[in-house]
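File shown: model-v2.pdb. Contents: PDB, C-alpha atoms.
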```
MODEL        1
ATOM      1  CA  MET A   1     105.172 119.906 107.812
ATOM      2  CA  ARG A   2     102.943 117.775 105.578
ATOM      3  CA  THR A   3      99.205 118.040 106.237
ATOM      4  CA  VAL A   4      96.260 116.369 104.520
ATOM      5  CA  VAL A   5      92.757 117.771 104.972
ATOM      6  CA  VAL A   6      90.168 115.112 104.087
ATOM      7  CA  TYR A   7      86.499 116.003 103.934
ATOM      8  CA  GLU A   8      83.078 114.909 102.838
ATOM      9  CA  SER A   9      80.566 117.578 101.841
ATOM     10  CA  LEU A  10      76.994 117.539 100.612
ATOM     11  CA  THR A  11      76.101 121.195 100.179
ATOM     12  CA  GLY A  12      79.654 122.524 100.017
ATOM     13  CA  THR A  13      79.639 123.913 103.555
ATOM     14  CA  THR A  14      82.047 121.333 104.969
ATOM     15  CA  ARG A  15      84.266 121.936 101.940
ATOM     16  CA  VAL A  16      84.392 125.656 102.858
ATOM     17  CA  VAL A  17      85.631 124.707 106.338
ATOM     18  CA  ALA A  18      88.140 122.238 104.874
ATOM     19  CA  ARG A  19      89.484 124.947 102.555
ATOM     20  CA  ALA A  20      89.910 127.313 105.507
ATOM     21  CA  LEU A  21      91.854 124.624 107.385
ATOM     22  CA  ALA A  22      94.007 123.902 104.327
ATOM     23  CA  GLY A  23      94.728 127.622 103.912
ATOM     24  CA  VAL A  24      96.205 127.739 107.380
ATOM     25  CA  ALA A  25      98.088 124.459 106.864
ATOM     26  CA  TRP A  26      99.675 125.898 103.709
ATOM     27  CA  SER A  27     101.397 128.554 105.802
ATOM     28  CA  PHE A  28     103.167 125.768 107.735
ATOM     29  CA  GLY A  29     104.242 123.614 104.803
ATOM     30  CA  GLU A  30     102.911 121.203 102.237
ATOM     31  CA  VAL A  31      99.146 120.575 102.214
ATOM     32  CA  ALA A  32      96.699 118.446 100.273
ATOM     33  CA  LEU A  33      92.964 119.191 100.324
ATOM     34  CA  LEU A  34      91.054 116.068  99.301
ATOM     35  CA  SER A  35      87.525 114.768  99.190
ATOM     36  CA  VAL A  36      87.185 111.332 100.805
ATOM     37  CA  ASP A  37      86.755 109.988  97.266
ATOM     38  CA  ASP A  38      90.232 111.251  96.325
ATOM     39  CA  CYS A  39      92.207 110.232  99.419
ATOM     40  CA  SER A  40      93.749 106.766  99.216
ATOM     41  CA  PRO A  41      96.023 104.998 101.708
ATOM     42  CA  SER A  42      99.064 105.967  99.615
ATOM     43  CA  THR A  43      98.127 109.652 100.062
ATOM     44  CA  LEU A  44      98.885 109.331 103.765
ATOM     45  CA  VAL A  45     102.459 108.038 103.395
ATOM     46  CA  GLY A  46     104.886 110.489 105.011
ATOM     47  CA  VAL A  47     102.127 112.781 106.269
ATOM     48  CA  ASP A  48     102.576 114.559 109.612
ATOM     49  CA  LEU A  49      98.917 115.436 110.255
ATOM     50  CA  VAL A  50      95.509 114.499 108.885
ATOM     51  CA  LEU A  51      92.415 116.626 109.541
ATOM     52  CA  VAL A  52      89.234 114.671 108.776
ATOM     53  CA  GLY A  53      85.733 116.087 108.655
ATOM     54  CA  GLY A  54      82.235 115.782 107.366
ATOM     55  CA  PRO A  55      78.688 116.966 107.873
ATOM     56  CA  THR A  56      76.502 115.734 110.705
ATOM     57  CA  HIS A  57      73.645 113.587 109.381
ATOM     58  CA  ALA A  58      71.182 111.822 111.670
ATOM     59  CA  ARG A  59      73.228 112.983 114.705
ATOM     60  CA  GLY A  60      76.502 111.464 113.490
ATOM     61  CA  ALA A  61      78.912 110.892 110.615
ATOM     62  CA  THR A  62      77.387 110.047 107.263
ATOM     63  CA  TRP A  63      76.559 106.599 106.019
ATOM     64  CA  ALA A  64      75.387 105.880 102.474
ATOM     65  CA  THR A  65      71.776 105.705 103.698
ATOM     66  CA  THR A  66      71.860 108.967 105.673
ATOM     67  CA  GLU A  67      73.518 110.752 102.774
ATOM     68  CA  ARG A  68      70.849 109.539 100.318
ATOM     69  CA  MET A  69      68.105 110.710 102.668
ATOM     70  CA  ALA A  70      69.767 114.098 103.182
ATOM     71  CA  ARG A  71      70.428 114.490  99.464
ATOM     72  CA  ALA A  72      66.758 113.796  98.675
ATOM     73  CA  ARG A  73      65.604 116.251 101.357
ATOM     74  CA  LEU A  74      68.047 118.935 100.245
ATOM     75  CA  GLY A  75      67.266 118.341  96.577
ATOM     76  CA  GLU A  76      63.608 119.033  97.254
ATOM     77  CA  ARG A  77      64.501 122.156  99.180
ATOM     78  CA  PHE A  78      67.499 123.557  97.298
ATOM     79  CA  GLY A  79      67.369 121.905  93.875
ATOM     80  CA  PRO A  80      70.688 122.294  92.050
ATOM     81  CA  ALA A  81      72.359 123.867  95.099
ATOM     82  CA  VAL A  82      73.134 120.368  96.368
ATOM     83  CA  ASP A  83      76.814 119.763  95.698
ATOM     84  CA  ARG A  84      76.921 116.840  93.259
ATOM     85  CA  HIS A  85      80.741 116.960  93.022
ATOM     86  CA  ASP A  86      81.242 115.594  96.506
ATOM     87  CA  GLU A  87      78.635 112.837  96.262
ATOM     88  CA  CYS A  88      79.916 109.681  97.909
ATOM     89  CA  PRO A  89      78.481 106.876 100.020
ATOM     90  CA  GLY A  90      79.583 108.180 103.407
ATOM     91  CA  ILE A  91      82.803 108.799 105.277
ATOM     92  CA  HIS A  92      82.649 105.311 106.796
ATOM     93  CA  ARG A  93      83.593 103.829 103.425
ATOM     94  CA  TRP A  94      86.740 105.977 103.442
ATOM     95  CA  PHE A  95      87.727 104.561 106.827
ATOM     96  CA  ASP A  96      87.261 101.040 105.475
ATOM     97  CA  GLU A  97      89.461 101.827 102.457
ATOM     98  CA  ILE A  98      92.221 103.416 104.567
ATOM     99  CA  GLY A  99      92.525 100.400 106.852
ATOM    100  CA  GLN A 100      94.989 100.433 109.750
ATOM    101  CA  VAL A 101      97.559 103.219 110.055
ATOM    102  CA  ASP A 102     100.511 103.478 112.388
ATOM    103  CA  GLY A 103     100.472 106.540 114.602
ATOM    104  CA  ILE A 104      99.717 109.337 112.121
ATOM    105  CA  ARG A 105      98.563 112.406 114.032
ATOM    106  CA  ALA A 106      94.973 113.447 113.340
ATOM    107  CA  ALA A 107      92.062 115.606 114.421
ATOM    108  CA  ALA A 108      88.370 115.492 113.538
ATOM    109  CA  PHE A 109      85.934 118.250 112.602
ATOM    110  CA  ASP A 110      82.348 118.509 111.451
ATOM    111  CA  THR A 111      79.658 120.884 110.379
ATOM    112  CA  ARG A 112      76.348 120.736 112.200
ATOM    113  CA  LEU A 113      73.240 122.754 112.865
ATOM    114  CA  GLU A 114      73.306 125.466 115.493
ATOM    115  CA  GLY A 115      72.245 124.229 118.906
ATOM    116  CA  ALA A 116      73.513 122.018 121.667
ATOM    117  CA  GLY A 117      75.594 119.116 120.353
ATOM    118  CA  VAL A 118      73.625 116.726 122.541
ATOM    119  CA  VAL A 119      70.548 117.671 120.488
ATOM    120  CA  THR A 120      72.014 118.115 117.003
ATOM    121  CA  GLY A 121      74.634 115.396 117.221
ATOM    122  CA  ARG A 122      78.289 115.819 116.298
ATOM    123  CA  ALA A 123      79.823 113.815 113.476
ATOM    124  CA  SER A 124      83.292 114.773 114.714
ATOM    125  CA  LEU A 125      82.907 112.600 117.813
ATOM    126  CA  GLY A 126      82.342 109.468 115.726
ATOM    127  CA  ILE A 127      85.051 110.473 113.264
ATOM    128  CA  ALA A 128      87.533 110.914 116.129
ATOM    129  CA  ARG A 129      86.544 107.559 117.622
ATOM    130  CA  LYS A 130      87.097 105.828 114.273
ATOM    131  CA  LEU A 131      90.424 107.636 113.735
ATOM    132  CA  ARG A 132      91.682 106.294 117.075
ATOM    133  CA  ALA A 133      90.330 102.805 116.360
ATOM    134  CA  ILE A 134      92.348 102.455 113.149
ATOM    135  CA  GLY A 135      95.608 103.732 114.605
ATOM    136  CA  PHE A 136      95.634 107.516 114.256
ATOM    137  CA  VAL A 137      96.856 109.538 117.249
ATOM    138  CA  GLU A 138      94.376 112.245 118.203
ATOM    139  CA  VAL A 139      96.127 115.585 118.738
ATOM    140  CA  ALA A 140      93.119 117.840 119.360
ATOM    141  CA  ALA A 141      89.589 117.549 120.636
ATOM    142  CA  PRO A 142      86.959 117.176 117.882
ATOM    143  CA  ARG A 143      85.626 120.523 116.679
ATOM    144  CA  SER A 144      82.225 121.504 115.281
ATOM    145  CA  PHE A 145      81.506 124.416 112.965
ATOM    146  CA  LEU A 146      77.925 125.632 112.902
ATOM    147  CA  VAL A 147      75.543 126.031 109.996
ATOM    148  CA  ASP A 148      72.164 127.722 109.880
ATOM    149  CA  GLY A 149      68.869 126.171 108.787
ATOM    150  CA  ASP A 150      69.646 127.027 105.162
ATOM    151  CA  GLY A 151      72.919 125.105 105.261
ATOM    152  CA  HIS A 152      75.252 128.121 105.275
ATOM    153  CA  LEU A 153      78.084 128.612 107.748
ATOM    154  CA  CYS A 154      77.024 130.818 110.628
ATOM    155  CA  GLU A 155      78.781 134.122 111.059
ATOM    156  CA  GLY A 156      82.328 133.788 112.350
ATOM    157  CA  GLN A 157      82.638 130.028 111.742
ATOM    158  CA  ARG A 158      85.238 130.263 108.981
ATOM    159  CA  ILE A 159      87.388 132.379 111.294
ATOM    160  CA  ARG A 160      86.869 129.818 114.094
ATOM    161  CA  ALA A 161      88.052 127.119 111.661
ATOM    162  CA  GLU A 162      91.193 129.093 110.857
ATOM    163  CA  GLU A 163      91.887 129.678 114.554
ATOM    164  CA  TRP A 164      91.418 125.972 115.316
ATOM    165  CA  ALA A 165      93.763 125.010 112.484
ATOM    166  CA  GLU A 166      96.339 127.517 113.728
ATOM    167  CA  SER A 167      96.179 126.057 117.231
ATOM    168  CA  VAL A 168      96.485 122.443 116.030
ATOM    169  CA  ILE A 169      98.931 122.795 113.132
ATOM    170  CA  GLY A 170     100.933 125.646 114.590
ATOM    171  CA  VAL A 171     101.719 123.772 117.802
ATOM    172  CA  LEU A 172     102.799 120.655 115.889
ATOM    173  CA  ALA A 173     104.884 122.600 113.366
ATOM    174  CA  ARG A 174     106.685 124.561 116.072
ATOM    175  CA  ALA A 175     107.369 121.324 117.977
ATOM    176  CA  GLN A 176     108.978 119.842 114.838
ATOM    177  CA  VAL A 177     111.274 122.847 114.469
ATOM    178  CA  GLY A 178     112.192 123.000 118.140
TER     179      GLY A 178
ENDMDL
END
```
The structure in this file should be written as structure tokens.
Amino acid sequence: MRTVVVYESLTGTTRVVARALAGVAWSFGEVALLSVDDCSPSTLVGVDLVLVGGPTHARGATWATTERMARARLGERFGPAVDRHDECPGIHRWFDEIGQVDGIRAAAFDTRLEGAGVVTGRASLGIARKLRAIGFVEVAAPRSFLVDGDGHLCEGQRIRAEEWAESVIGVLARAQVG
């Protein structure tokens, strides 16, 4: 099974989740872990599953403007802790670059502050909507992984990510074999 995990991260927290997902995917076959800056349309050729995620900014998926605002706010608060490696102008640009796809299976994830999703927002809902709009086939409900006020994953969230990946990838991989 060939899986691509595509993520956007500002503080590195979403990257931690993406790495956990990729670790599980590796046990089922070939996997690529890529920032949205490094994932081109050609990367998706022959792929069985794409997991796409990013942080929740302004109650949804990032745009260039929301990322700049968050980066400025985090820079004031955390200084060099802001992850400069993953700087990019929002996951929406990646969707524009990918264009239409034809039935590749996908699932969306996000990182967001603790609290009710109706209050904090959930980037994964918008990511899933966009995935469907450009031709991906959604194979799992969008999933959120929680961060605390300091931007760190809450206790147990990495394990939740691994369990989610196991449920999504494992079911698909076993269906391919059977």
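For A:Val137, the set of protein, DNA and RNA residues having any atom at most 9 Å away, when counting only C-alpha atoms and skipping those fewer than 2 positions along the same chain, is Asp102, Gly103, Ile104, Arg105, Ala106, Ala107, Leu131, Arg132, Gly135 and Val139 of chain A.
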Next on the checklist: With only C-alpha atoms as the counted atoms, please give the residues lying no more than 10 Å from A:Gly23, apart from itself and same-chain residues fewer than 6 positions off, as an MDAnalysis selection string.
Outcome noted: chainID A and resid 17 31 33 162 165:166
Those selected residues, please, written with C-alpha atoms and delivered as a compact mmCIF listing (two decimals), in the frame of the given file.
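Result written to again_25.txt:
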```txt
# COMPACT_ATOMS: atom_id res chain seq x y z
CA VAL A 17 85.63 124.71 106.34
CA VAL A 31 99.15 120.58 102.21
CA LEU A 33 92.96 119.19 100.32
CA GLU A 162 91.19 129.09 110.86
CA ALA A 165 93.76 125.01 112.48
CA GLU A 166 96.34 127.52 113.73
```
Item to check | Who sits within 10 Å of A:Phe95, only C-alpha atoms, same chain under 2 positions skipped, as number ranges by chain | outcome: A: 36, 40-41, 90-93, 97-100, 127, 130-131, 134
Checklist entry - Taking into account all atoms listed in the file, which residue in the set A:Thr3, A:Ser167, A:Thr56, A:Ser35 is nearest to A:Leu125? => result A:Thr56
Could you check which residues have any atom within 9 Å of (100.4, 125.7, 107.6), counting only C-alpha atoms with coordinates taken straight from the file, and then list them as a compact mmCIF listing (two decimals) with C-alpha atoms, in the coordinates of the input?
```txt
# COMPACT_ATOMS: atom_id res chain seq x y z
CA MET A 1 105.17 119.91 107.81
CA ARG A 2 102.94 117.78 105.58
CA THR A 3 99.20 118.04 106.24
CA LEU A 21 91.85 124.62 107.38
CA ALA A 22 94.01 123.90 104.33
CA GLY A 23 94.73 127.62 103.91
CA VAL A 24 96.20 127.74 107.38
CA ALA A 25 98.09 124.46 106.86
CA TRP A 26 99.68 125.90 103.71
CA SER A 27 101.40 128.55 105.80
CA PHE A 28 103.17 125.77 107.74
CA GLY A 29 104.24 123.61 104.80
CA GLU A 30 102.91 121.20 102.24
CA VAL A 31 99.15 120.58 102.21
CA ALA A 165 93.76 125.01 112.48
CA GLU A 166 96.34 127.52 113.73
CA ILE A 169 98.93 122.80 113.13
CA GLY A 170 100.93 125.65 114.59
CA ALA A 173 104.88 122.60 113.37
```
Next on the checklist: Evaluated on this file, the PyMOL selection byres ((chain A and resi 14) around 9) picks out some residues - which ones are they, written as number ranges by chain?
Outcome noted: A: 7-13, 15-19, 53-55, 110-111, 145, 153
Item to check | Residue nearest A:Pro142 among A:Val52, A:Leu34, A:Glu114, A:Trp94 (counting all atoms listed in the file) | outcome: A:Val52
Checklist outcome for this item: A:Ala175 proximity check over A:Ala161, A:Ala133, A:Val4, A:Asp48, using only C-alpha atoms: winner is A:Asp48
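In this model, the gap between atom CA of A:Val47 and atom CA of A:Arg143 comes to 21.0 Å.
Taking atom CA of A:Ser144 and atom CA of A:Leu49 as endpoints, the distance between them is 18.5 Å.
Nearest residue to A:Cys154 among A:Val5, A:Asp37, A:Leu113, A:Ala128 is A:Leu113, counting only C-alpha atoms.
Among A:Asp96, A:Arg112, A:Gln157, A:Val101, the residue with the shortest atom-to-atom distance to A:Gly46, counting all atoms listed in the file, is A:Val101.
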Please enclose the listed atoms of stretch 21-29 of chain A in an axis-aligned box, pad each side by 3 Å, and write out the centre and the three edge lengths in Å, rounded to one decimal, as lines of an AutoDock Vina configuration file.
```
center_x = 98.0
center_y = 126.1
center_z = 105.7
size_x = 18.4
size_y = 10.9
size_z = 10.0
```
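Take atom CA of A:Ala32 and atom CA of A:Asp148: the distance between them is 27.9 Å.
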Reconstruct N, CA and C atoms of stretch 134-168 of chain A from the incomplete input and present them as an mmCIF file, in the frame of the given file.
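Output below, filename out.cif:
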```cif
data_model
loop_
_atom_site.group_PDB
_atom_site.id
_atom_site.type_symbol
_atom_site.label_atom_id
_atom_site.label_comp_id
_atom_site.auth_asym_id
_atom_site.auth_seq_id
_atom_site.Cartn_x
_atom_site.Cartn_y
_atom_site.Cartn_z
ATOM 1 N N ILE A 134 91.531 103.007 114.240
ATOM 2 C CA ILE A 134 92.348 102.455 113.149
ATOM 3 C C ILE A 134 93.811 102.895 113.233
ATOM 4 N N GLY A 135 94.195 103.489 114.365
ATOM 5 C CA GLY A 135 95.608 103.732 114.605
ATOM 6 C C GLY A 135 96.099 105.158 114.495
ATOM 7 N N PHE A 136 95.220 106.114 114.238
ATOM 8 C CA PHE A 136 95.634 107.516 114.256
ATOM 9 C C PHE A 136 95.827 107.956 115.707
ATOM 10 N N VAL A 137 96.643 108.959 115.925
ATOM 11 C CA VAL A 137 96.856 109.538 117.249
ATOM 12 C C VAL A 137 96.150 110.889 117.274
ATOM 13 N N GLU A 138 95.160 111.011 118.121
ATOM 14 C CA GLU A 138 94.376 112.245 118.203
ATOM 15 C C GLU A 138 95.193 113.336 118.882
ATOM 16 N N VAL A 139 95.319 114.488 118.205
ATOM 17 C CA VAL A 139 96.127 115.585 118.738
ATOM 18 C C VAL A 139 95.306 116.799 119.169
ATOM 19 N N ALA A 140 93.992 116.737 118.944
ATOM 20 C CA ALA A 140 93.119 117.840 119.360
ATOM 21 C C ALA A 140 91.710 117.299 119.547
ATOM 22 N N ALA A 141 90.981 117.931 120.421
ATOM 23 C CA ALA A 141 89.589 117.549 120.636
ATOM 24 C C ALA A 141 88.791 117.805 119.353
ATOM 25 N N PRO A 142 87.797 116.959 119.071
ATOM 26 C CA PRO A 142 86.959 117.176 117.882
ATOM 27 C C PRO A 142 86.310 118.557 117.932
ATOM 28 N N ARG A 143 86.157 119.159 116.752
ATOM 29 C CA ARG A 143 85.626 120.523 116.679
ATOM 30 C C ARG A 143 84.444 120.574 115.707
ATOM 31 N N SER A 144 83.403 121.288 116.125
ATOM 32 C CA SER A 144 82.225 121.504 115.281
ATOM 33 C C SER A 144 82.195 122.939 114.784
ATOM 34 N N PHE A 145 81.725 123.100 113.551
ATOM 35 C CA PHE A 145 81.506 124.416 112.965
ATOM 36 C C PHE A 145 80.039 124.478 112.568
ATOM 37 N N LEU A 146 79.376 125.559 112.945
ATOM 38 C CA LEU A 146 77.925 125.632 112.902
ATOM 39 C C LEU A 146 77.381 126.175 111.592
ATOM 40 N N VAL A 147 76.261 125.583 111.185
ATOM 41 C CA VAL A 147 75.543 126.031 109.996
ATOM 42 C C VAL A 147 74.132 126.423 110.404
ATOM 43 N N ASP A 148 73.535 127.309 109.605
ATOM 44 C CA ASP A 148 72.164 127.722 109.880
ATOM 45 C C ASP A 148 71.181 126.767 109.201
ATOM 46 N N GLY A 149 69.914 127.024 109.353
ATOM 47 C CA GLY A 149 68.869 126.171 108.787
ATOM 48 C C GLY A 149 68.880 126.090 107.270
ATOM 49 N N ASP A 150 69.529 127.049 106.624
ATOM 50 C CA ASP A 150 69.646 127.027 105.162
ATOM 51 C C ASP A 150 70.921 126.349 104.692
ATOM 52 N N GLY A 151 71.712 125.836 105.632
ATOM 53 C CA GLY A 151 72.919 125.105 105.261
ATOM 54 C C GLY A 151 74.146 125.964 105.036
ATOM 55 N N HIS A 152 74.098 127.235 105.421
ATOM 56 C CA HIS A 152 75.252 128.121 105.275
ATOM 57 C C HIS A 152 75.998 128.223 106.599
ATOM 58 N N LEU A 153 77.313 128.408 106.524
ATOM 59 C CA LEU A 153 78.084 128.612 107.748
ATOM 60 C C LEU A 153 77.559 129.828 108.502
ATOM 61 N N CYS A 154 77.428 129.687 109.792
ATOM 62 C CA CYS A 154 77.024 130.818 110.628
ATOM 63 C C CYS A 154 78.160 131.835 110.669
ATOM 64 N N GLU A 155 77.797 133.045 111.003
ATOM 65 C CA GLU A 155 78.781 134.122 111.059
ATOM 66 C C GLU A 155 79.928 133.758 112.002
ATOM 67 N N GLY A 156 81.141 134.001 111.543
ATOM 68 C CA GLY A 156 82.328 133.788 112.350
ATOM 69 C C GLY A 156 82.883 132.364 112.337
ATOM 70 N N GLN A 157 82.191 131.430 111.697
ATOM 71 C CA GLN A 157 82.638 130.028 111.742
ATOM 72 C C GLN A 157 83.890 129.772 110.905
ATOM 73 N N ARG A 158 84.020 130.440 109.787
ATOM 74 C CA ARG A 158 85.238 130.263 108.981
ATOM 75 C C ARG A 158 86.458 130.756 109.762
ATOM 76 N N ILE A 159 86.300 131.851 110.467
ATOM 77 C CA ILE A 159 87.388 132.379 111.294
ATOM 78 C C ILE A 159 87.692 131.410 112.437
ATOM 79 N N ARG A 160 86.657 130.838 113.046
ATOM 80 C CA ARG A 160 86.869 129.818 114.094
ATOM 81 C C ARG A 160 87.655 128.645 113.536
ATOM 82 N N ALA A 161 87.337 128.238 112.294
ATOM 83 C CA ALA A 161 88.052 127.119 111.661
ATOM 84 C C ALA A 161 89.525 127.465 111.492
ATOM 85 N N GLU A 162 89.804 128.669 111.032
ATOM 86 C CA GLU A 162 91.193 129.093 110.857
ATOM 87 C C GLU A 162 91.923 129.131 112.196
ATOM 88 N N GLU A 163 91.264 129.621 113.228
ATOM 89 C CA GLU A 163 91.887 129.678 114.554
ATOM 90 C C GLU A 163 92.160 128.274 115.093
ATOM 91 N N TRP A 164 91.218 127.350 114.872
ATOM 92 C CA TRP A 164 91.418 125.972 115.316
ATOM 93 C C TRP A 164 92.608 125.352 114.585
ATOM 94 N N ALA A 165 92.648 125.551 113.271
ATOM 95 C CA ALA A 165 93.763 125.010 112.484
ATOM 96 C C ALA A 165 95.090 125.589 112.965
ATOM 97 N N GLU A 166 95.117 126.870 113.221
ATOM 98 C CA GLU A 166 96.339 127.517 113.728
ATOM 99 C C GLU A 166 96.768 126.882 115.041
ATOM 100 N N SER A 167 95.822 126.629 115.929
ATOM 101 C CA SER A 167 96.179 126.057 117.231
ATOM 102 C C SER A 167 96.676 124.621 117.090
ATOM 103 N N VAL A 168 96.082 123.840 116.198
ATOM 104 C CA VAL A 168 96.485 122.443 116.030
ATOM 105 C C VAL A 168 97.782 122.348 115.217
#
```
